[in-house]
Structure formats: C-alpha cells, structure tokens
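Source file: target.pdb; contents: PDB, C-alpha atoms and all ligand atoms.
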```
ATOM      1  CA  MET U   1       0.000   0.000   0.000  1.00  0.00           C
ATOM      2  CA  SER U   2       2.668   2.439   0.912  1.00  0.00           C
ATOM      3  CA  ASP U   3       4.405   1.613  -2.376  1.00  0.00           C
ATOM      4  CA  SER U   4       1.436   2.557  -4.524  1.00  0.00           C
ATOM      5  CA  GLN U   5       1.132   5.921  -2.822  1.00  0.00           C
ATOM      6  CA  GLN U   6       4.706   6.638  -3.593  1.00  0.00           C
ATOM      7  CA  ASN U   7       4.647   5.527  -7.171  1.00  0.00           C
ATOM      8  CA  PRO U   8       1.234   5.142  -8.810  1.00  0.00           C
ATOM      9  CA  GLN U   9       2.799   4.688 -12.221  1.00  0.00           C
ATOM     10  CA  GLU U  10       4.631   1.600 -11.165  1.00  0.00           C
ATOM     11  CA  GLU U  11       1.556   0.197  -9.413  1.00  0.00           C
ATOM     12  CA  THR U  12      -0.493   0.331 -12.630  1.00  0.00           C
ATOM     13  CA  SER U  13       2.037  -1.628 -14.544  1.00  0.00           C
ATOM     14  CA  ASN U  14       2.179  -4.233 -11.763  1.00  0.00           C
ATOM     15  CA  GLN U  15      -1.557  -4.923 -12.126  1.00  0.00           C
ATOM     16  CA  LYS U  16      -1.129  -6.471 -15.560  1.00  0.00           C
ATOM     17  CA  PRO U  17      -1.966 -10.145 -15.273  1.00  0.00           C
ATOM     18  CA  PRO U  18       0.929 -12.518 -15.634  1.00  0.00           C
ATOM     19  CA  ALA U  19       1.116 -13.785 -19.191  1.00  0.00           C
ATOM     20  CA  ASP U  20       0.131 -17.387 -18.368  1.00  0.00           C
ATOM     21  CA  SER U  21      -3.045 -16.640 -16.331  1.00  0.00           C
ATOM     22  CA  GLY U  22      -4.983 -14.811 -19.110  1.00  0.00           C
ATOM     23  CA  PRO U  23      -7.885 -16.246 -21.052  1.00  0.00           C
ATOM     24  CA  GLU U  24      -6.737 -18.903 -23.445  1.00  0.00           C
ATOM     25  CA  LEU U  25      -7.397 -18.678 -27.151  1.00  0.00           C
ATOM     26  CA  ARG U  26      -8.898 -21.689 -28.779  1.00  0.00           C
ATOM     27  CA  ASP U  27      -7.159 -23.249 -31.754  1.00  0.00           C
ATOM     28  CA  HIS U  28      -9.683 -22.614 -34.510  1.00  0.00           C
ATOM     29  CA  VAL U  29     -10.002 -19.458 -36.566  1.00  0.00           C
ATOM     30  CA  PHE U  30     -13.053 -18.562 -38.637  1.00  0.00           C
ATOM     31  CA  ASP U  31     -12.837 -15.637 -41.010  1.00  0.00           C
ATOM     32  CA  GLY U  32      -9.972 -14.383 -38.946  1.00  0.00           C
ATOM     33  CA  ILE U  33     -12.046 -14.509 -35.759  1.00  0.00           C
ATOM     34  CA  GLN U  34     -10.718 -16.383 -32.768  1.00  0.00           C
ATOM     35  CA  GLU U  35     -12.489 -17.482 -29.604  1.00  0.00           C
ATOM     36  CA  TYR U  36     -11.469 -17.257 -25.983  1.00  0.00           C
ATOM     37  CA  ASP U  37     -11.755 -20.515 -24.088  1.00  0.00           C
ATOM     38  CA  ASN U  38     -13.595 -18.822 -21.218  1.00  0.00           C
ATOM     39  CA  LYS U  39     -15.326 -20.747 -18.460  1.00  0.00           C
ATOM     40  CA  LEU U  40     -19.085 -20.250 -18.422  1.00  0.00           C
ATOM     41  CA  PRO U  41     -20.046 -17.686 -15.775  1.00  0.00           C
ATOM     42  CA  ASN U  42     -21.342 -19.143 -12.522  1.00  0.00           C
ATOM     43  CA  TRP U  43     -24.702 -17.413 -12.730  1.00  0.00           C
ATOM     44  CA  TRP U  44     -25.245 -19.094 -16.088  1.00  0.00           C
ATOM     45  CA  LEU U  45     -24.143 -22.505 -14.857  1.00  0.00           C
ATOM     46  CA  TRP U  46     -26.312 -22.331 -11.752  1.00  0.00           C
ATOM     47  CA  THR U  47     -29.351 -21.272 -13.725  1.00  0.00           C
ATOM     48  CA  PHE U  48     -28.747 -24.243 -15.970  1.00  0.00           C
ATOM     49  CA  TYR U  49     -28.295 -26.727 -13.087  1.00  0.00           C
ATOM     50  CA  ILE U  50     -31.376 -25.424 -11.286  1.00  0.00           C
ATOM     51  CA  MET U  51     -33.416 -25.768 -14.467  1.00  0.00           C
ATOM     52  CA  VAL U  52     -32.275 -29.377 -14.867  1.00  0.00           C
ATOM     53  CA  VAL U  53     -33.217 -30.213 -11.277  1.00  0.00           C
ATOM     54  CA  PHE U  54     -36.490 -28.311 -11.601  1.00  0.00           C
ATOM     55  CA  TYR U  55     -37.401 -30.169 -14.769  1.00  0.00           C
ATOM     56  CA  VAL U  56     -36.751 -33.575 -13.237  1.00  0.00           C
ATOM     57  CA  ILE U  57     -38.971 -32.730 -10.230  1.00  0.00           C
ATOM     58  CA  TYR U  58     -41.615 -31.152 -12.475  1.00  0.00           C
ATOM     59  CA  TRP U  59     -41.611 -34.131 -14.816  1.00  0.00           C
ATOM     60  CA  MET U  60     -42.029 -36.569 -11.950  1.00  0.00           C
ATOM     61  CA  MET U  61     -44.829 -34.634 -10.276  1.00  0.00           C
ATOM     62  CA  TYR U  62     -46.726 -33.574 -13.377  1.00  0.00           C
ATOM     63  CA  TYR U  63     -46.406 -36.553 -15.653  1.00  0.00           C
ATOM     64  CA  GLN U  64     -45.636 -39.421 -13.283  1.00  0.00           C
ATOM     65  CA  GLY U  65     -47.090 -38.652  -9.886  1.00  0.00           C
ATOM     66  CA  GLY U  66     -50.208 -36.775 -10.953  1.00  0.00           C
ATOM     67  CA  GLY U  67     -49.339 -34.093  -8.404  1.00  0.00           C
ATOM     68  CA  PHE U  68     -50.634 -31.418 -10.735  1.00  0.00           C
ATOM     69  CA  LYS U  69     -53.743 -31.546 -12.884  1.00  0.00           C
ATOM     70  CA  SER U  70     -53.758 -30.676 -16.551  1.00  0.00           C
ATOM     71  CA  ASN U  71     -56.164 -27.990 -17.704  1.00  0.00           C
ATOM     72  CA  GLU U  72     -58.534 -30.546 -19.171  1.00  0.00           C
ATOM     73  CA  VAL U  73     -58.676 -32.422 -15.883  1.00  0.00           C
ATOM     74  CA  LYS U  74     -59.259 -29.170 -14.007  1.00  0.00           C
ATOM     75  CA  VAL U  75     -62.127 -28.253 -16.327  1.00  0.00           C
ATOM     76  CA  GLU U  76     -63.626 -31.717 -15.927  1.00  0.00           C
ATOM     77  CA  MET U  77     -63.368 -31.479 -12.158  1.00  0.00           C
ATOM     78  CA  GLY U  78     -64.979 -28.060 -12.277  1.00  0.00           C
ATOM     79  CA  MET U  79     -67.856 -29.337 -14.380  1.00  0.00           C
ATOM     80  CA  GLU U  80     -68.287 -32.297 -12.048  1.00  0.00           C
ATOM     81  CA  ARG U  81     -68.413 -29.920  -9.093  1.00  0.00           C
ATOM     82  CA  ILE U  82     -71.075 -27.804 -10.806  1.00  0.00           C
ATOM     83  CA  ALA U  83     -73.122 -30.932 -11.525  1.00  0.00           C
ATOM     84  CA  GLN U  84     -72.817 -31.979  -7.873  1.00  0.00           C
ATOM     85  CA  ILE U  85     -73.912 -28.569  -6.639  1.00  0.00           C
ATOM     86  CA  LYS U  86     -76.861 -28.599  -9.027  1.00  0.00           C
ATOM     87  CA  ALA U  87     -77.817 -32.110  -7.964  1.00  0.00           C
ATOM     88  CA  ALA U  88     -77.493 -31.169  -4.293  1.00  0.00           C
ATOM     89  CA  ALA U  89     -79.716 -28.136  -4.830  1.00  0.00           C
ATOM     90  CA  ILE U  90     -82.380 -30.293  -6.477  1.00  0.00           C
ATOM     91  CA  GLU U  91     -82.012 -32.891  -3.728  1.00  0.00           C
ATOM     92  CA  ASP U  92     -82.563 -30.202  -1.086  1.00  0.00           C
ATOM     93  CA  SER U  93     -85.768 -29.104  -2.723  1.00  0.00           C
ATOM     94  CA  LEU U  94     -87.160 -32.648  -2.914  1.00  0.00           C
ATOM     95  CA  GLY U  95     -88.922 -32.081   0.383  1.00  0.00           C
ATOM     96  CA  VAL U  96     -91.767 -30.636  -1.631  1.00  0.00           C
ATOM     97  CA  VAL U  97     -92.526 -32.997  -4.476  1.00  0.00           C
ATOM     98  CA  ASP U  98     -95.507 -31.665  -6.280  1.00  0.00           C
ATOM     99  CA  ASN U  99     -96.565 -31.745  -9.912  1.00  0.00           C
ATOM    100  CA  VAL U 100     -94.472 -28.702 -10.767  1.00  0.00           C
ATOM    101  CA  LYS U 101     -91.371 -30.208  -9.200  1.00  0.00           C
ATOM    102  CA  LEU U 102     -91.885 -33.626 -10.751  1.00  0.00           C
ATOM    103  CA  TRP U 103     -92.403 -32.194 -14.241  1.00  0.00           C
ATOM    104  CA  GLU U 104     -89.232 -30.217 -13.698  1.00  0.00           C
ATOM    105  CA  LEU U 105     -87.342 -33.369 -12.714  1.00  0.00           C
ATOM    106  CA  SER U 106     -88.714 -35.169 -15.782  1.00  0.00           C
ATOM    107  CA  ARG U 107     -86.599 -32.750 -17.815  1.00  0.00           C
ATOM    108  CA  ASP U 108     -83.474 -33.349 -15.715  1.00  0.00           C
ATOM    109  CA  GLU U 109     -81.217 -35.757 -17.537  1.00  0.00           C
ATOM    110  CA  LYS U 110     -79.625 -37.173 -14.402  1.00  0.00           C
ATOM    111  CA  PHE U 111     -82.884 -37.900 -12.616  1.00  0.00           C
ATOM    112  CA  VAL U 112     -84.374 -39.432 -15.741  1.00  0.00           C
ATOM    113  CA  ASN U 113     -81.336 -41.642 -16.257  1.00  0.00           C
ATOM    114  CA  ASP U 114     -81.304 -42.781 -12.617  1.00  0.00           C
ATOM    115  CA  GLY U 115     -85.011 -43.487 -12.870  1.00  0.00           C
ATOM    116  CA  LYS U 116     -84.541 -45.465 -16.051  1.00  0.00           C
ATOM    117  CA  VAL U 117     -81.962 -47.707 -14.377  1.00  0.00           C
ATOM    118  CA  GLN U 118     -84.349 -48.332 -11.487  1.00  0.00           C
ATOM    119  CA  PHE U 119     -87.304 -48.920 -13.816  1.00  0.00           C
ATOM    120  CA  MET U 120     -85.395 -51.506 -15.843  1.00  0.00           C
ATOM    121  CA  GLN U 121     -84.532 -53.332 -12.609  1.00  0.00           C
ATOM    122  CA  THR U 122     -87.834 -53.239 -10.811  1.00  0.00           C
ATOM    123  CA  CYS U 123     -90.661 -52.421 -13.166  1.00  0.00           C
ATOM    124  CA  SER U 124     -89.901 -53.422 -16.734  1.00  0.00           C
ATOM    125  CA  ALA U 125     -90.743 -57.087 -16.105  1.00  0.00           C
ATOM    126  CA  CYS U 126     -94.430 -56.095 -15.922  1.00  0.00           C
ATOM    127  CA  HIS U 127     -94.524 -52.754 -17.738  1.00  0.00           C
ATOM    128  CA  GLY U 128     -92.044 -53.541 -20.535  1.00  0.00           C
ATOM    129  CA  ASP U 129     -88.704 -51.957 -21.382  1.00  0.00           C
ATOM    130  CA  ASP U 130     -90.497 -49.423 -23.590  1.00  0.00           C
ATOM    131  CA  LEU U 131     -93.412 -48.873 -21.121  1.00  0.00           C
ATOM    132  CA  THR U 132     -95.901 -50.553 -23.478  1.00  0.00           C
ATOM    133  CA  ALA U 133     -96.451 -53.560 -21.177  1.00  0.00           C
ATOM    134  CA  MET U 134     -95.594 -55.753 -24.143  1.00  0.00           C
ATOM    135  CA  ARG U 135     -92.559 -57.901 -24.792  1.00  0.00           C
ATOM    136  CA  ALA U 136     -91.963 -59.706 -28.080  1.00  0.00           C
ATOM    137  CA  GLY U 137     -95.654 -59.432 -28.905  1.00  0.00           C
ATOM    138  CA  ILE U 138     -96.752 -60.911 -25.586  1.00  0.00           C
ATOM    139  CA  LYS U 139     -98.869 -58.925 -23.122  1.00  0.00           C
ATOM    140  CA  LEU U 140     -97.107 -58.456 -19.782  1.00  0.00           C
ATOM    141  CA  PRO U 141     -98.949 -58.342 -16.413  1.00  0.00           C
ATOM    142  CA  GLY U 142     -98.643 -54.548 -16.057  1.00  0.00           C
ATOM    143  CA  VAL U 143    -100.484 -51.755 -17.855  1.00  0.00           C
ATOM    144  CA  PRO U 144     -98.941 -49.434 -20.458  1.00  0.00           C
ATOM    145  CA  LEU U 145     -97.374 -46.311 -18.971  1.00  0.00           C
ATOM    146  CA  ASP U 146     -96.502 -44.529 -22.198  1.00  0.00           C
ATOM    147  CA  ASP U 147     -99.985 -43.456 -23.289  1.00  0.00           C
ATOM    148  CA  ASN U 148    -102.402 -40.820 -22.015  1.00  0.00           C
ATOM    149  CA  ALA U 149    -104.822 -43.392 -20.643  1.00  0.00           C
ATOM    150  CA  TRP U 150    -104.410 -43.853 -16.896  1.00  0.00           C
ATOM    151  CA  LEU U 151    -106.310 -45.880 -14.318  1.00  0.00           C
ATOM    152  CA  TYR U 152    -105.433 -43.701 -11.382  1.00  0.00           C
ATOM    153  CA  GLY U 153    -104.623 -40.333 -12.907  1.00  0.00           C
ATOM    154  CA  GLY U 154    -101.867 -39.094 -15.161  1.00  0.00           C
ATOM    155  CA  GLN U 155    -100.445 -36.177 -13.221  1.00  0.00           C
ATOM    156  CA  PRO U 156     -97.010 -36.879 -11.728  1.00  0.00           C
ATOM    157  CA  GLU U 157     -98.409 -36.796  -8.176  1.00  0.00           C
ATOM    158  CA  ASP U 158    -101.057 -39.399  -9.099  1.00  0.00           C
ATOM    159  CA  VAL U 159     -98.428 -41.607 -10.695  1.00  0.00           C
ATOM    160  CA  MET U 160     -96.137 -41.246  -7.717  1.00  0.00           C
ATOM    161  CA  LYS U 161     -98.899 -42.085  -5.247  1.00  0.00           C
ATOM    162  CA  ILE U 162     -99.807 -45.310  -7.025  1.00  0.00           C
ATOM    163  CA  ILE U 163     -96.170 -46.389  -7.107  1.00  0.00           C
ATOM    164  CA  VAL U 164     -95.550 -45.575  -3.436  1.00  0.00           C
ATOM    165  CA  ASP U 165     -98.827 -47.038  -2.108  1.00  0.00           C
ATOM    166  CA  GLY U 166     -99.549 -49.671  -4.753  1.00  0.00           C
ATOM    167  CA  SER U 167    -102.817 -50.232  -6.517  1.00  0.00           C
ATOM    168  CA  PRO U 168    -106.032 -49.936  -4.512  1.00  0.00           C
ATOM    169  CA  ASP U 169    -107.084 -53.107  -6.288  1.00  0.00           C
ATOM    170  CA  LYS U 170    -105.444 -55.562  -3.952  1.00  0.00           C
ATOM    171  CA  LYS U 171    -106.415 -58.592  -6.036  1.00  0.00           C
ATOM    172  CA  SER U 172    -105.152 -57.908  -9.531  1.00  0.00           C
ATOM    173  CA  GLY U 173    -103.260 -54.754  -8.824  1.00  0.00           C
ATOM    174  CA  MET U 174     -99.686 -53.822  -8.097  1.00  0.00           C
ATOM    175  CA  GLN U 175     -97.900 -53.965  -4.773  1.00  0.00           C
ATOM    176  CA  ALA U 176     -96.691 -50.862  -2.912  1.00  0.00           C
ATOM    177  CA  TRP U 177     -93.137 -49.959  -3.952  1.00  0.00           C
ATOM    178  CA  GLY U 178     -92.567 -47.281  -1.299  1.00  0.00           C
ATOM    179  CA  PRO U 179     -91.405 -49.740   1.349  1.00  0.00           C
ATOM    180  CA  VAL U 180     -89.352 -51.679  -1.222  1.00  0.00           C
ATOM    181  CA  ILE U 181     -87.248 -49.062  -3.011  1.00  0.00           C
ATOM    182  CA  GLY U 182     -87.980 -45.902  -1.015  1.00  0.00           C
ATOM    183  CA  GLU U 183     -89.357 -42.521  -2.018  1.00  0.00           C
ATOM    184  CA  ASP U 184     -86.034 -41.139  -3.220  1.00  0.00           C
ATOM    185  CA  LYS U 185     -85.768 -43.753  -5.963  1.00  0.00           C
ATOM    186  CA  ILE U 186     -89.457 -43.527  -6.772  1.00  0.00           C
ATOM    187  CA  ILE U 187     -89.084 -39.802  -7.459  1.00  0.00           C
ATOM    188  CA  ARG U 188     -86.462 -40.701 -10.046  1.00  0.00           C
ATOM    189  CA  VAL U 189     -88.665 -43.388 -11.571  1.00  0.00           C
ATOM    190  CA  VAL U 190     -91.525 -40.874 -11.815  1.00  0.00           C
ATOM    191  CA  ALA U 191     -89.130 -38.430 -13.515  1.00  0.00           C
ATOM    192  CA  PHE U 192     -88.286 -41.181 -16.010  1.00  0.00           C
ATOM    193  CA  LEU U 193     -91.971 -42.060 -16.619  1.00  0.00           C
ATOM    194  CA  MET U 194     -93.017 -38.431 -17.008  1.00  0.00           C
ATOM    195  CA  SER U 195     -90.175 -37.832 -19.467  1.00  0.00           C
ATOM    196  CA  HIS U 196     -92.343 -39.900 -21.842  1.00  0.00           C
ATOM    197  CA  HIS U 197     -95.240 -37.507 -21.371  1.00  0.00           C
ATOM    198  CA  GLU U 198     -95.897 -33.877 -22.001  1.00  0.00           C
ATOM    199  CA  GLU U 199     -96.833 -31.409 -19.327  1.00  0.00           C
ATOM    200  CA  GLY U 200    -100.325 -30.093 -19.994  1.00  0.00           C
ATOM    201  CA  ALA U 201    -101.269 -32.856 -22.444  1.00  0.00           C
ATOM    202  CA  PRO U 202    -104.849 -34.119 -21.982  1.00  0.00           C
ATOM    203  CA  VAL U 203    -105.161 -37.160 -19.711  1.00  0.00           C
ATOM    204  CA  GLU U 204    -107.790 -39.851 -20.111  1.00  0.00           C
ATOM    205  CA  ILE U 205    -108.961 -41.756 -17.060  1.00  0.00           C
ATOM    206  CA  ILE U 206    -109.921 -45.321 -17.904  1.00  0.00           C
ATOM    207  CA  THR U 207    -111.540 -48.042 -15.856  1.00  0.00           C
ATOM    208  CA  LYS U 208    -110.718 -51.715 -15.858  1.00  0.00           C
ATOM    209  CA  ASP U 209    -113.215 -53.940 -17.594  1.00  0.00           C
TER     210      ASP U 209
HETATM  211  C1  LIG U 301     -95.618 -57.707 -10.852  1.00  0.00           C
HETATM  212  C2  LIG U 301     -95.905 -56.826 -11.931  1.00  0.00           C
HETATM  213  C3  LIG U 301     -95.637 -55.336 -11.749  1.00  0.00           C
HETATM  214  C4  LIG U 301     -94.467 -54.731 -11.385  1.00  0.00           C
HETATM  215  C5  LIG U 301     -93.143 -55.401 -11.080  1.00  0.00           C
HETATM  216  C6  LIG U 301     -94.748 -53.324 -11.381  1.00  0.00           C
HETATM  217  N1  LIG U 301     -96.025 -53.079 -11.721  1.00  0.00           N
HETATM  218 FE1  LIG U 301     -96.893 -51.274 -11.932  1.00  0.00          FE
HETATM  219  N2  LIG U 301     -98.665 -52.157 -12.282  1.00  0.00           N
HETATM  220  C7  LIG U 301     -98.876 -53.499 -12.395  1.00  0.00           C
HETATM  221  C8  LIG U 301    -100.293 -53.757 -12.572  1.00  0.00           C
HETATM  222  C9  LIG U 301    -100.940 -55.119 -12.727  1.00  0.00           C
HETATM  223  C10 LIG U 301    -100.906 -52.488 -12.569  1.00  0.00           C
HETATM  224  C11 LIG U 301    -102.393 -52.181 -12.721  1.00  0.00           C
HETATM  225  C12 LIG U 301    -102.924 -51.950 -11.328  1.00  0.00           C
HETATM  226  C13 LIG U 301    -104.429 -52.088 -11.260  1.00  0.00           C
HETATM  227  O1  LIG U 301    -105.021 -52.684 -12.164  1.00  0.00           O
HETATM  228  O2  LIG U 301    -104.978 -51.573 -10.281  1.00  0.00           O
HETATM  229  C14 LIG U 301     -99.852 -51.512 -12.393  1.00  0.00           C
HETATM  230  C15 LIG U 301    -100.055 -50.148 -12.363  1.00  0.00           C
HETATM  231  C16 LIG U 301     -99.089 -49.216 -12.329  1.00  0.00           C
HETATM  232  C17 LIG U 301     -99.291 -47.804 -12.431  1.00  0.00           C
HETATM  233  C18 LIG U 301    -100.603 -47.106 -12.591  1.00  0.00           C
HETATM  234  C19 LIG U 301    -100.940 -46.992 -14.045  1.00  0.00           C
HETATM  235  C20 LIG U 301    -102.241 -46.264 -14.323  1.00  0.00           C
HETATM  236  O3  LIG U 301    -102.775 -46.455 -15.415  1.00  0.00           O
HETATM  237  O4  LIG U 301    -102.698 -45.495 -13.455  1.00  0.00           O
HETATM  238  C21 LIG U 301     -98.079 -47.216 -12.387  1.00  0.00           C
HETATM  239  C22 LIG U 301     -97.764 -45.733 -12.484  1.00  0.00           C
HETATM  240  C23 LIG U 301     -97.109 -48.268 -12.222  1.00  0.00           C
HETATM  241  N3  LIG U 301     -97.743 -49.466 -12.201  1.00  0.00           N
HETATM  242  C24 LIG U 301     -95.758 -48.073 -12.103  1.00  0.00           C
HETATM  243  C25 LIG U 301     -94.875 -49.080 -11.733  1.00  0.00           C
HETATM  244  C26 LIG U 301     -93.505 -48.831 -11.362  1.00  0.00           C
HETATM  245  C27 LIG U 301     -92.825 -47.493 -11.364  1.00  0.00           C
HETATM  246  C28 LIG U 301     -92.977 -50.041 -11.037  1.00  0.00           C
HETATM  247  C29 LIG U 301     -91.580 -50.318 -10.550  1.00  0.00           C
HETATM  248  C30 LIG U 301     -91.177 -49.634  -9.345  1.00  0.00           C
HETATM  249  C31 LIG U 301     -93.985 -51.028 -11.242  1.00  0.00           C
HETATM  250  N4  LIG U 301     -95.126 -50.403 -11.660  1.00  0.00           N
HETATM  251  C32 LIG U 301     -93.791 -52.378 -11.064  1.00  0.00           C
HETATM  252  C33 LIG U 301     -97.909 -54.487 -12.318  1.00  0.00           C
HETATM  253  C34 LIG U 301     -96.607 -54.281 -11.950  1.00  0.00           C
END
```

Just give me the structure of the file as structure tokens.
Amino acid sequence: MSDSQQNPQEETSNQKPPADSGPELRDHVFDGIQEYDNKLPNWWLWTFYIMVVFYVIYWMMYYQGGGFKSNEVKVEMGMERIAQIKAAAIEDSLGVVDNVKLWELSRDEKFVNDGKVQFMQTCSACHGDDLTAMRAGIKLPGVPLDDNAWLYGGQPEDVMKIIVDGSPDKKSGMQAWGPVIGEDKIIRVVAFLMSHHEEGAPVEIITKD
C-alpha cells in the first residue's frame, strides 16, 4: 500500500496479469475470428443446473405422480363440481314434491337416467322396457305407462302415489313400492316415466273392464 502511494505509475504496470493466467485462445479461426476458451459464468451454470433439477422434479410430479392436474382435468373437475352442486340443490328441494317439481325433474337428464336404471330393474318385467307392457308381442302383467290413458290419474303426483302405495285393487293390482325401493328412488322413476309424457297434455282416465 505504501508503495502505490509513492509511485502510482509503477503500481499500474504491476496490475497487468501474468502472461500465463490470461484467457486462453482456442485453436480454430473462422474468417480471422478467434475465440477465448472462457469458463461459463457461474450465474449461467447455476441457472442451468437449477433448471435441470427443476425439470426432473416437475416431470415426476406432473407426468408421473399426478401431483398437478392438466387444464382438461381441471375443467372436468370443475364441471363435475357444478353438476354436484346442481344435484345437491335439487335434492334439497325434494322435500316438496308436487306436480311442478316432478315435471321439472322429468326434464333433468340425471334424474331421468337414474329413474330409467331403477325402472329396468324393478318395473320393466311387468310394464315392458319401452313402457308398453308388451314384450316380443306378448302382453305383460302390467299396464302401459306410455300413453295418455291412466287408471289412477296421469299427473305426476297421481303416478307417484300409485307407485308408493300400490294399486287400490289388492287382487289384480300392483304392490306398494314405497317400502321396497324408497321414495327417493321412486321420485327418479316418476321423472323417467313423465319424461315420456308432455306437461299439460290431456289425460284420459280409464276403468278396468
Ligand atoms: C308384478 C308386476 C308389476 C311390477 C313389477 C310393477 N307393476 Fe306397476 N302395475 C302393475 C299392474 C298389474 C298395474 C295395474 C294396477 C291395477 O289394475 O290396479 C300396475 C299399475 C301401475 C301404475 C298405474 C298406471 C295407471 O294407469 O294409473 C303405475 C304408475 C305403475 N304401475 C308403475 C310401476 C312402477 C314405477 C314399477 C316399478 C317400481 C312397477 N309399476 C312395477 C304391475 C306391476
């Protein structure tokens, strides 16, 4: 330190790097241009290493572990959630099942589909897969449920009552399904049956002969 104060000129010349420690030139020459053989800067190297590590972790979590969801999956989950909320809202309002509600449910795809499954299991043996009470040209024990002619009324509430309580005709009629499958499932079956009918269409009450 004391030297440099005395002779700044000399100090400057001393700072020149020794000849052998400078950046090396690489052997090749292109158009008279030569390259230094510099080491890559540390910031560059570290960015590169971190990216490599990040990619390996990302790849494992995203593509292997399912830790993250793709956009499609997220959209699907969102739609599912909306459907659940809608279904829950309908479920909540089932306390009051009247004609208005039941007609509404007859236009709800999910209720109709659930009801169809139940109908095919429990009812189609007598009422037919297509509600005509016929199978392969043979008359089944039940009555048709696809026409406007009803024994006990054709409004959804009438239909529901007969399913829950069974036919008043204890001899040739139909048993009560309320205790067997429960009201919740019957509501769905009614939705399915009413999906074959039109709200406000004229209803004909028939009597058994
Ligand atoms: C064992 C045969 C049988 C099964 C199974 C059966 N039904 Fe019936 N169902 C009948 C018969 C028979 C009648 C006619 C009742 C009468 O004459 O009083 C009837 C009547 C009805 C009626 C009244 C139709 C009208 O014209 O008013 C409805 C609605 C009905 N069934 C729905 C159902 C549903 C829904 C199921 C399934 C949960 C079901 N039935 C299962 C035999 C059956």

If you count only C-alpha atoms and all ligand atoms, which residues end up within 8 Å of ligand LIG 301 (chain U), as a PDB file with C-alpha atoms, keeping the file's coordinate frame?
```pdb
ATOM      1  CA  GLN U 118     -84.349 -48.332 -11.487  1.00  0.00           C
ATOM      2  CA  PHE U 119     -87.304 -48.920 -13.816  1.00  0.00           C
ATOM      3  CA  GLN U 121     -84.532 -53.332 -12.609  1.00  0.00           C
ATOM      4  CA  THR U 122     -87.834 -53.239 -10.811  1.00  0.00           C
ATOM      5  CA  CYS U 123     -90.661 -52.421 -13.166  1.00  0.00           C
ATOM      6  CA  SER U 124     -89.901 -53.422 -16.734  1.00  0.00           C
ATOM      7  CA  ALA U 125     -90.743 -57.087 -16.105  1.00  0.00           C
ATOM      8  CA  CYS U 126     -94.430 -56.095 -15.922  1.00  0.00           C
ATOM      9  CA  HIS U 127     -94.524 -52.754 -17.738  1.00  0.00           C
ATOM     10  CA  PRO U 141     -98.949 -58.342 -16.413  1.00  0.00           C
ATOM     11  CA  GLY U 142     -98.643 -54.548 -16.057  1.00  0.00           C
ATOM     12  CA  VAL U 143    -100.484 -51.755 -17.855  1.00  0.00           C
ATOM     13  CA  PRO U 144     -98.941 -49.434 -20.458  1.00  0.00           C
ATOM     14  CA  LEU U 145     -97.374 -46.311 -18.971  1.00  0.00           C
ATOM     15  CA  ALA U 149    -104.822 -43.392 -20.643  1.00  0.00           C
ATOM     16  CA  TRP U 150    -104.410 -43.853 -16.896  1.00  0.00           C
ATOM     17  CA  LEU U 151    -106.310 -45.880 -14.318  1.00  0.00           C
ATOM     18  CA  TYR U 152    -105.433 -43.701 -11.382  1.00  0.00           C
ATOM     19  CA  GLY U 153    -104.623 -40.333 -12.907  1.00  0.00           C
ATOM     20  CA  GLY U 154    -101.867 -39.094 -15.161  1.00  0.00           C
ATOM     21  CA  ASP U 158    -101.057 -39.399  -9.099  1.00  0.00           C
ATOM     22  CA  VAL U 159     -98.428 -41.607 -10.695  1.00  0.00           C
ATOM     23  CA  MET U 160     -96.137 -41.246  -7.717  1.00  0.00           C
ATOM     24  CA  ILE U 162     -99.807 -45.310  -7.025  1.00  0.00           C
ATOM     25  CA  ILE U 163     -96.170 -46.389  -7.107  1.00  0.00           C
ATOM     26  CA  GLY U 166     -99.549 -49.671  -4.753  1.00  0.00           C
ATOM     27  CA  SER U 167    -102.817 -50.232  -6.517  1.00  0.00           C
ATOM     28  CA  PRO U 168    -106.032 -49.936  -4.512  1.00  0.00           C
ATOM     29  CA  ASP U 169    -107.084 -53.107  -6.288  1.00  0.00           C
ATOM     30  CA  LYS U 170    -105.444 -55.562  -3.952  1.00  0.00           C
ATOM     31  CA  SER U 172    -105.152 -57.908  -9.531  1.00  0.00           C
ATOM     32  CA  GLY U 173    -103.260 -54.754  -8.824  1.00  0.00           C
ATOM     33  CA  MET U 174     -99.686 -53.822  -8.097  1.00  0.00           C
ATOM     34  CA  GLN U 175     -97.900 -53.965  -4.773  1.00  0.00           C
ATOM     35  CA  TRP U 177     -93.137 -49.959  -3.952  1.00  0.00           C
ATOM     36  CA  ILE U 181     -87.248 -49.062  -3.011  1.00  0.00           C
ATOM     37  CA  ILE U 186     -89.457 -43.527  -6.772  1.00  0.00           C
ATOM     38  CA  VAL U 189     -88.665 -43.388 -11.571  1.00  0.00           C
ATOM     39  CA  VAL U 190     -91.525 -40.874 -11.815  1.00  0.00           C
ATOM     40  CA  LEU U 193     -91.971 -42.060 -16.619  1.00  0.00           C
ATOM     41  CA  ILE U 205    -108.961 -41.756 -17.060  1.00  0.00           C
ATOM     42  CA  ILE U 206    -109.921 -45.321 -17.904  1.00  0.00           C
ATOM     43  CA  LYS U 208    -110.718 -51.715 -15.858  1.00  0.00           C
TER      44      LYS U 208
END
```

Open item on the list: What would the selection look like, as a list in words, if the PyMOL selection byres (((chain U and resi 98) around 10) and not hetatm) were run on the coordinates I just shared?
Closed with: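 Listing what the PyMOL selection byres (((chain U and resi 98) around 10) and not hetatm) selects in the shown file: Leu94, Gly95, Val96, Val97, Asn99, Val100, Lys101, Leu102, Trp103, Glu104, Gln155, Pro156, Glu157, Asp158 and Met160 of chain U.
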
Task: Separation of CA of Glu91 in chain U from CA of Lys185 in chain U in Å - done: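 That distance, rounded to one decimal, is 11.7 Å.
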
Task: Given only C-alpha atoms as the counted atoms, nearest of U:His196, U:Phe111, U:Asn71, U:Trp43 to Asp130 in chain U - done: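 Looking only at the distances to Asp130 in chain U, the closest residue turns out to be U:His196.
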
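Of note, CA of Gly78 in chain U and CA of Arg188 in chain U are spaced 25.0 Å apart.
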
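Reported to one decimal place, the separation of CA of Phe192 in chain U from CA of Val112 in chain U is 4.3 Å.
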
Please provide as an mmCIF file with C-alpha atoms, keeping the file's coordinate frame all residues within 10 Å of Ala201 in chain U, with the sequence filter that same-chain residues fewer than 2 positions apart are discarded (counting all atoms listed in the file).
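Result file is selection24.cif:
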```cif
data_model
loop_
_atom_site.group_PDB
_atom_site.id
_atom_site.type_symbol
_atom_site.label_atom_id
_atom_site.label_comp_id
_atom_site.auth_asym_id
_atom_site.auth_seq_id
_atom_site.Cartn_x
_atom_site.Cartn_y
_atom_site.Cartn_z
ATOM 1 C CA ASN U 148 -102.402 -40.820 -22.015
ATOM 2 C CA GLY U 154 -101.867 -39.094 -15.161
ATOM 3 C CA GLN U 155 -100.445 -36.177 -13.221
ATOM 4 C CA HIS U 197 -95.240 -37.507 -21.371
ATOM 5 C CA GLU U 198 -95.897 -33.877 -22.001
ATOM 6 C CA GLU U 199 -96.833 -31.409 -19.327
ATOM 7 C CA VAL U 203 -105.161 -37.160 -19.711
ATOM 8 C CA GLU U 204 -107.790 -39.851 -20.111
#
```

TODO: Could you tell me which of U:Lys116, U:Lys110, U:His28, U:Lys39 comes closest to Ala83 in chain U if we count all atoms listed in the file?
DONE: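 Ranking U:Lys116, U:Lys110, U:His28, U:Lys39 by distance to Ala83 in chain U, first place goes to U:Lys110.
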